[in-house]
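To keep things clear, I will list the structure first and then write my remarks on it.
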Amino acid sequence: MTIAFKPNESFRPPFDYSNSDAGILRFPFPFVSDAYMYSVNLEPHVRGGPTEAFCAVFDVDEHYIAECRERELVLRQDPNRCMVLPHMLSAQWDAVELIMESLATDYPDLFSLERDGDRWTWTNRPLQIRDSFVFGEADTLPCPPFEYITRQAQGDFTLQDQRDGDLFMDGGMVTTQADWSLAFDLGMSFHEWHGPVPLAHEAGVFDRALQYLLRLSHGKPVRRLNWTLTVNPRLDTSPENYPNWGPDKTTVTAENVGEKLHVRVELQTLFRLPRSNAILFGIRAYLASFSELVRVPKWGRRLHRVLRDLPPELIAYKGLSRYYSTAVDYLAPFDDGVATTMGIAPESALREAWT
Amino acid sequence: MTAHTPLNPMPLTLRVRAIETLSPSLKRLTLVSADGAALPPPPPGSHLTLALPLDGAQTRSYSIVSPANDRAAYGLIVRRAERSRGGSAYIHQRLAVGDRLKSAVPTSQFHLHSLARKHVLIGGGVGLTPLLSFLHDLRVQGRPVELHQICRADEADAFRQILEPFAGHAIHLHTGRTRLDLQAILGGQPLGAHLYICGPEPLTAAVRAAAADVGWPAGAVHHESFGASGGAPFTVRLARSGRDIAVGEDETLLEALEAAGANPPALCRGGACGECITVVLDGAPDHRDHFLSSDDRASGRLVMPCVSRAKTALLTLDL
């Protein structure tokens, strides 16, 4: 597989970000039907799915190099975006093993892992990294093991310790988040860190999800999609940096909404880790602008219907109120009323870019 | 709703590299991957589910005693059960070096507590096996541990040999439970210690009672329990076609339906999402899901085939 990386993309002003035609078609569009509501939408994380984004354990795409550089910038400003509690050391090594093995298996042209007992050599060609280290000995790596490998992966990760019949967020690398803070959530239990989500608690979603995750098996990872809207192609929409991105919401107009407003999808993956019995939670964010997504006729129709009919609580929780009607008005012309088929797959070629 | 093929429950092919007789009733097996690739790391406390060529292909689970960092081979210690259902007798009498066996990825329902100040392990007989993988892990992590193993007098030499690699740690071998002063052992542990028990049910009950007596918090006492994925075989009847499908003891109702070509919608396959909910027309479901309300359960009219089974020999579904 050859990926044409775009190493000079920028997720902060001056923005420079777009998806190639292939990049649009591989987007993990989050809506399986024309209406959206919370559910325990978990399914086995097997290689394969409705678009190419589901075809690897950890998906690597054309934005890989630029996203790793963005992570480096965030960490330089705020090293506390990566924190792991001391009892999670074996979980750190579990994560190193899982991510290295998966990348090397799914992308042999880009990554390789040579093992001689505990002596491992890791090669990352896109980032031009080659390191030899002793598995299990943290001081043989240039930085702590979890930080080392997640600096070389797209998307955020948390480490969840399982004890006392609950899950605890006891570690993470969180630089591309949708308005939540690892520094705030570190050490919290499952219900505590989900506290702010509206409607879902009452529906019992988190009780069921926790019971399910406590039984998550080694070797049987699961995934789900989550979504929100983001103004401008920003990855770091963190509470810590709210002054930087909050005012963006006031800049959406009828003229610029197609380019400015992005659907942000999180392909969330959950892996039981073998040594530690912790869970590795991957939160891989994908961004595509409205103008890119409406080039898939089915997605244009569906995005309009989902946003138009979104419950008011969700509009508020996801922070869409300020530009909500502008967004729905933009999408309306792409909805010709034709029925859509269930599922995510685009089912047609792209139409020409809207000009 | 993504249609997907059922996951292969037995993805590994293992080759028997060595069989070692530890005592007349205990054998140690060393299993390597048939194609030489690194094996998935075996979690501490995990068991390996093997497909054995018994009366038809049947699956049996045995605790893994080798360390999680050993990706080259899985070690098992198998006791010849006095009332063998066939599995341990097959391993003791017929399994040979070079044989190939299909297996699941090792999984664990018996875990070390990450914040324990000390780990106290109590094993009875072959119940020592998951505790051996704990010992490997605790040794690698340099965490405080104390082990008490109880065995019959005629097996003391075998267990002494099994525990030999851990010499230098607080390892105690007791012949017979009456020789064990549980009150003293459990009463003298520091705050923050966690207790792990694996052995015959009477031993587990005695240790748990003693721990409660001396004031251990219930959350600090752990014992091995096997998952609820299997159970007694039963028959499911599809009302719309009148077909009968046998559900084996080691497969789920959903897997049996899928194997027979009836494909109800399914998503999480773990009893959480509600996708595979199915109407029961006759028979009593054995609910094991986290989705149905207590009223739904009491009505007996709905079942989640991905995890739940039947209390009756026949379960009739509206499929």
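Letters A, B, ... mark the chains of the structure tokens in the order given; residue numbers begin at 1 per chain; ligand numbers begin at 1, in order shown.
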### Task
Find the residues near range 181-184 of chain A: any atom within 9 Å, counting only C-alpha atoms, skip ones fewer than 3 places away on the same chain, and give them as a VMD selection string.
chain A and resid 80 to 83 158 169 171 to 174 177 to 178 187 to 188 193 238 to 240
With C-alpha atoms retained, write the just-selected residues as a CSV table (one decimal), in the first residue's frame.
chain,number,residue,atom,x,y,z
A,80,ASN,CA,0.7,17.0,30.8
A,81,ARG,CA,-1.3,15.9,27.8
A,82,CYS,CA,0.5,12.6,28.3
A,83,MET,CA,0.2,11.2,31.8
A,158,THR,CA,-6.3,6.3,27.2
A,169,MET,CA,-8.8,6.3,33.5
A,171,GLY,CA,-3.3,7.1,31.8
A,172,GLY,CA,-3.5,8.7,28.5
A,173,MET,CA,-2.1,10.6,25.5
A,174,VAL,CA,-4.7,13.2,24.7
A,177,GLN,CA,-9.7,15.8,21.9
A,178,ALA,CA,-13.2,17.1,21.6
A,187,GLY,CA,-8.0,8.7,37.9
A,188,MET,CA,-11.8,9.0,37.4
A,193,TRP,CA,-15.6,10.6,33.4
A,238,SER,CA,-9.2,21.0,24.3
A,239,PRO,CA,-10.5,22.9,27.3
A,240,GLU,CA,-7.0,23.9,28.0
### Query
Skipping near chain neighbours, those fewer than 2 positions away, what residues fall within 9 Å of Cys198 in chain B using only C-alpha atoms, listed as an MDAnalysis selection string?
chainID B and resid 121:131 196 200:201 203:204 222:225
Residues of chain B that have any atom at most 8 Å from an atom of chain A: could you tabulate them with the shortest-distance atom pair and the distance in Å to one decimal, using only C-alpha atoms, ordered by chain and increasing number, as CSV?
residue,atom,partner,partner_atom,distance
B:Met1,CA,A:Gly343,CA,6.0
B:Thr2,CA,A:Gly343,CA,7.0
B:Pro41,CA,A:Pro274,CA,6.3
B:Pro42,CA,A:Pro274,CA,6.5
B:Pro43,CA,A:Pro274,CA,4.5
B:Pro44,CA,A:Arg275,CA,6.2
B:Ala68,CA,A:Arg275,CA,6.3
B:Val105,CA,A:Gly219,CA,6.2
B:Pro106,CA,A:His218,CA,7.3
B:Thr107,CA,A:His218,CA,5.6
B:Ser108,CA,A:Ser217,CA,7.8
B:His111,CA,A:Asn277,CA,7.1
B:His113,CA,A:Arg163,CA,6.2
B:Ser114,CA,A:His87,CA,6.2
B:Leu115,CA,A:His87,CA,6.8
B:Asp137,CA,A:Arg275,CA,7.9
B:Gly219,CA,A:Asp164,CA,6.5
B:Leu267,CA,A:Glu43,CA,5.0
B:Cys268,CA,A:Glu43,CA,4.5
B:Arg269,CA,A:Glu43,CA,7.6
B:Gly270,CA,A:Tyr212,CA,6.2
B:Gly271,CA,A:Tyr212,CA,7.1
B:Ala272,CA,A:Arg208,CA,5.4
B:Cys273,CA,A:Val40,CA,5.0
B:His290,CA,A:Arg208,CA,5.7
B:Phe291,CA,A:Arg208,CA,6.4
### Message
Just want the 10 Å neighbourhood of range 247-251 of chain B, counted on only C-alpha atoms, with same-chain residues fewer than 4 positions away dropped. Output as a ChimeraX atom specification.
### Response
/B:9,58-60,229-236,255-257,306-307,309-310
### Query
Just how far from CA of Pro67 in chain B is CA of Val140 in chain B, in Å to one decimal?
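Computed distance, CA of Val140 in chain B to CA of Pro67 in chain B, equals 9.3 Å.
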### Task
Please provide the set of residues having any atom within 10 Å of range 159-162 of chain B, restricted to only C-alpha atoms, with same-chain residues fewer than 6 positions apart removed, written as a list of chain:residue names.
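The residues satisfying every condition are B:Leu22, B:Ser23, B:Leu26, B:Arg28, B:Val65, B:Ile77, B:Gly125, B:Val126, B:Leu128, B:Thr129, B:Leu132, B:Gln149, B:Ile150, B:Cys151, B:Arg152, B:Ile171, B:His172, B:Leu173.
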### Straight-line distance linking CA of Leu167 in chain A with CA of Tyr38 in chain A, stated in Å to one decimal
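Interatomic distance here is 20.7 Å.
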### Task
List the neighbours of Ala327 in chain A out to 9 Å using only C-alpha atoms; skip same-chain residues closer than 3 positions along the sequence, and give me the result as number ranges by chain.
A: 252-254, 257-258, 261, 290, 304, 307, 323-324, 330-332
Just N, CA and C atoms for this one: save the residues we selected as a PDB file, in the first residue's frame.
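The result, stored in out29.pdb:
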ATOM      1  N   VAL A 252     -18.545  31.326  11.505  1.00  0.00           N
ATOM      2  CA  VAL A 252     -19.213  30.555  10.457  1.00  0.00           C
ATOM      3  C   VAL A 252     -20.285  31.413   9.792  1.00  0.00           C
ATOM      4  N   THR A 253     -20.215  31.537   8.470  1.00  0.00           N
ATOM      5  CA  THR A 253     -21.214  32.309   7.719  1.00  0.00           C
ATOM      6  C   THR A 253     -21.787  31.433   6.615  1.00  0.00           C
ATOM      7  N   ALA A 254     -22.873  31.904   6.004  1.00  0.00           N
ATOM      8  CA  ALA A 254     -23.478  31.152   4.899  1.00  0.00           C
ATOM      9  C   ALA A 254     -22.472  30.979   3.759  1.00  0.00           C
ATOM     10  N   VAL A 257     -19.451  28.304   5.285  1.00  0.00           N
ATOM     11  CA  VAL A 257     -19.781  27.140   6.113  1.00  0.00           C
ATOM     12  C   VAL A 257     -19.301  25.822   5.494  1.00  0.00           C
ATOM     13  N   GLY A 258     -19.389  25.704   4.167  1.00  0.00           N
ATOM     14  CA  GLY A 258     -19.011  24.439   3.518  1.00  0.00           C
ATOM     15  C   GLY A 258     -17.565  24.080   3.746  1.00  0.00           C
ATOM     16  N   LEU A 261     -16.832  24.287   8.279  1.00  0.00           N
ATOM     17  CA  LEU A 261     -17.415  23.346   9.223  1.00  0.00           C
ATOM     18  C   LEU A 261     -17.010  21.919   8.850  1.00  0.00           C
ATOM     19  N   PHE A 290     -17.769  19.895   5.360  1.00  0.00           N
ATOM     20  CA  PHE A 290     -19.099  19.691   4.753  1.00  0.00           C
ATOM     21  C   PHE A 290     -18.973  19.617   3.232  1.00  0.00           C
ATOM     22  N   HIS A 304     -27.832  16.089   6.269  1.00  0.00           N
ATOM     23  CA  HIS A 304     -28.896  17.081   6.410  1.00  0.00           C
ATOM     24  C   HIS A 304     -29.997  16.561   7.330  1.00  0.00           C
ATOM     25  N   LEU A 307     -28.824  16.229  11.122  1.00  0.00           N
ATOM     26  CA  LEU A 307     -28.647  17.507  11.832  1.00  0.00           C
ATOM     27  C   LEU A 307     -29.984  18.219  12.009  1.00  0.00           C
ATOM     28  N   TYR A 323     -23.966  27.978  15.302  1.00  0.00           N
ATOM     29  CA  TYR A 323     -23.996  27.943  13.831  1.00  0.00           C
ATOM     30  C   TYR A 323     -24.936  26.861  13.307  1.00  0.00           C
ATOM     31  N   TYR A 324     -25.798  26.357  14.193  1.00  0.00           N
ATOM     32  CA  TYR A 324     -26.635  25.212  13.836  1.00  0.00           C
ATOM     33  C   TYR A 324     -27.500  25.484  12.603  1.00  0.00           C
ATOM     34  N   TYR A 330     -27.189  25.129   4.829  1.00  0.00           N
ATOM     35  CA  TYR A 330     -26.203  24.773   3.798  1.00  0.00           C
ATOM     36  C   TYR A 330     -26.495  23.393   3.221  1.00  0.00           C
ATOM     37  N   LEU A 331     -26.887  22.477   4.107  1.00  0.00           N
ATOM     38  CA  LEU A 331     -27.050  21.083   3.682  1.00  0.00           C
ATOM     39  C   LEU A 331     -28.369  20.839   2.948  1.00  0.00           C
ATOM     40  N   ALA A 332     -29.379  21.668   3.210  1.00  0.00           N
ATOM     41  CA  ALA A 332     -30.716  21.401   2.665  1.00  0.00           C
ATOM     42  C   ALA A 332     -30.715  21.161   1.143  1.00  0.00           C
TER      43      ALA A 332
END
### Task
Per DSSP on the backbone, filter range 35-244 of chain B down to the residues in helix (DSSP H, G or I) and report them as a PyMOL selection string.
chain B and resi 87-93+125-141+153-166+177-179+182-187+201-213+218-220
### Task
Within 10 Å of Ala218 in chain B, counting only C-alpha atoms, which residues show up once you throw out same-chain ones fewer than 3 positions away? Write them as a PyMOL selection string, please.
chain B and resi 194-195+208+211-212+215+221-222
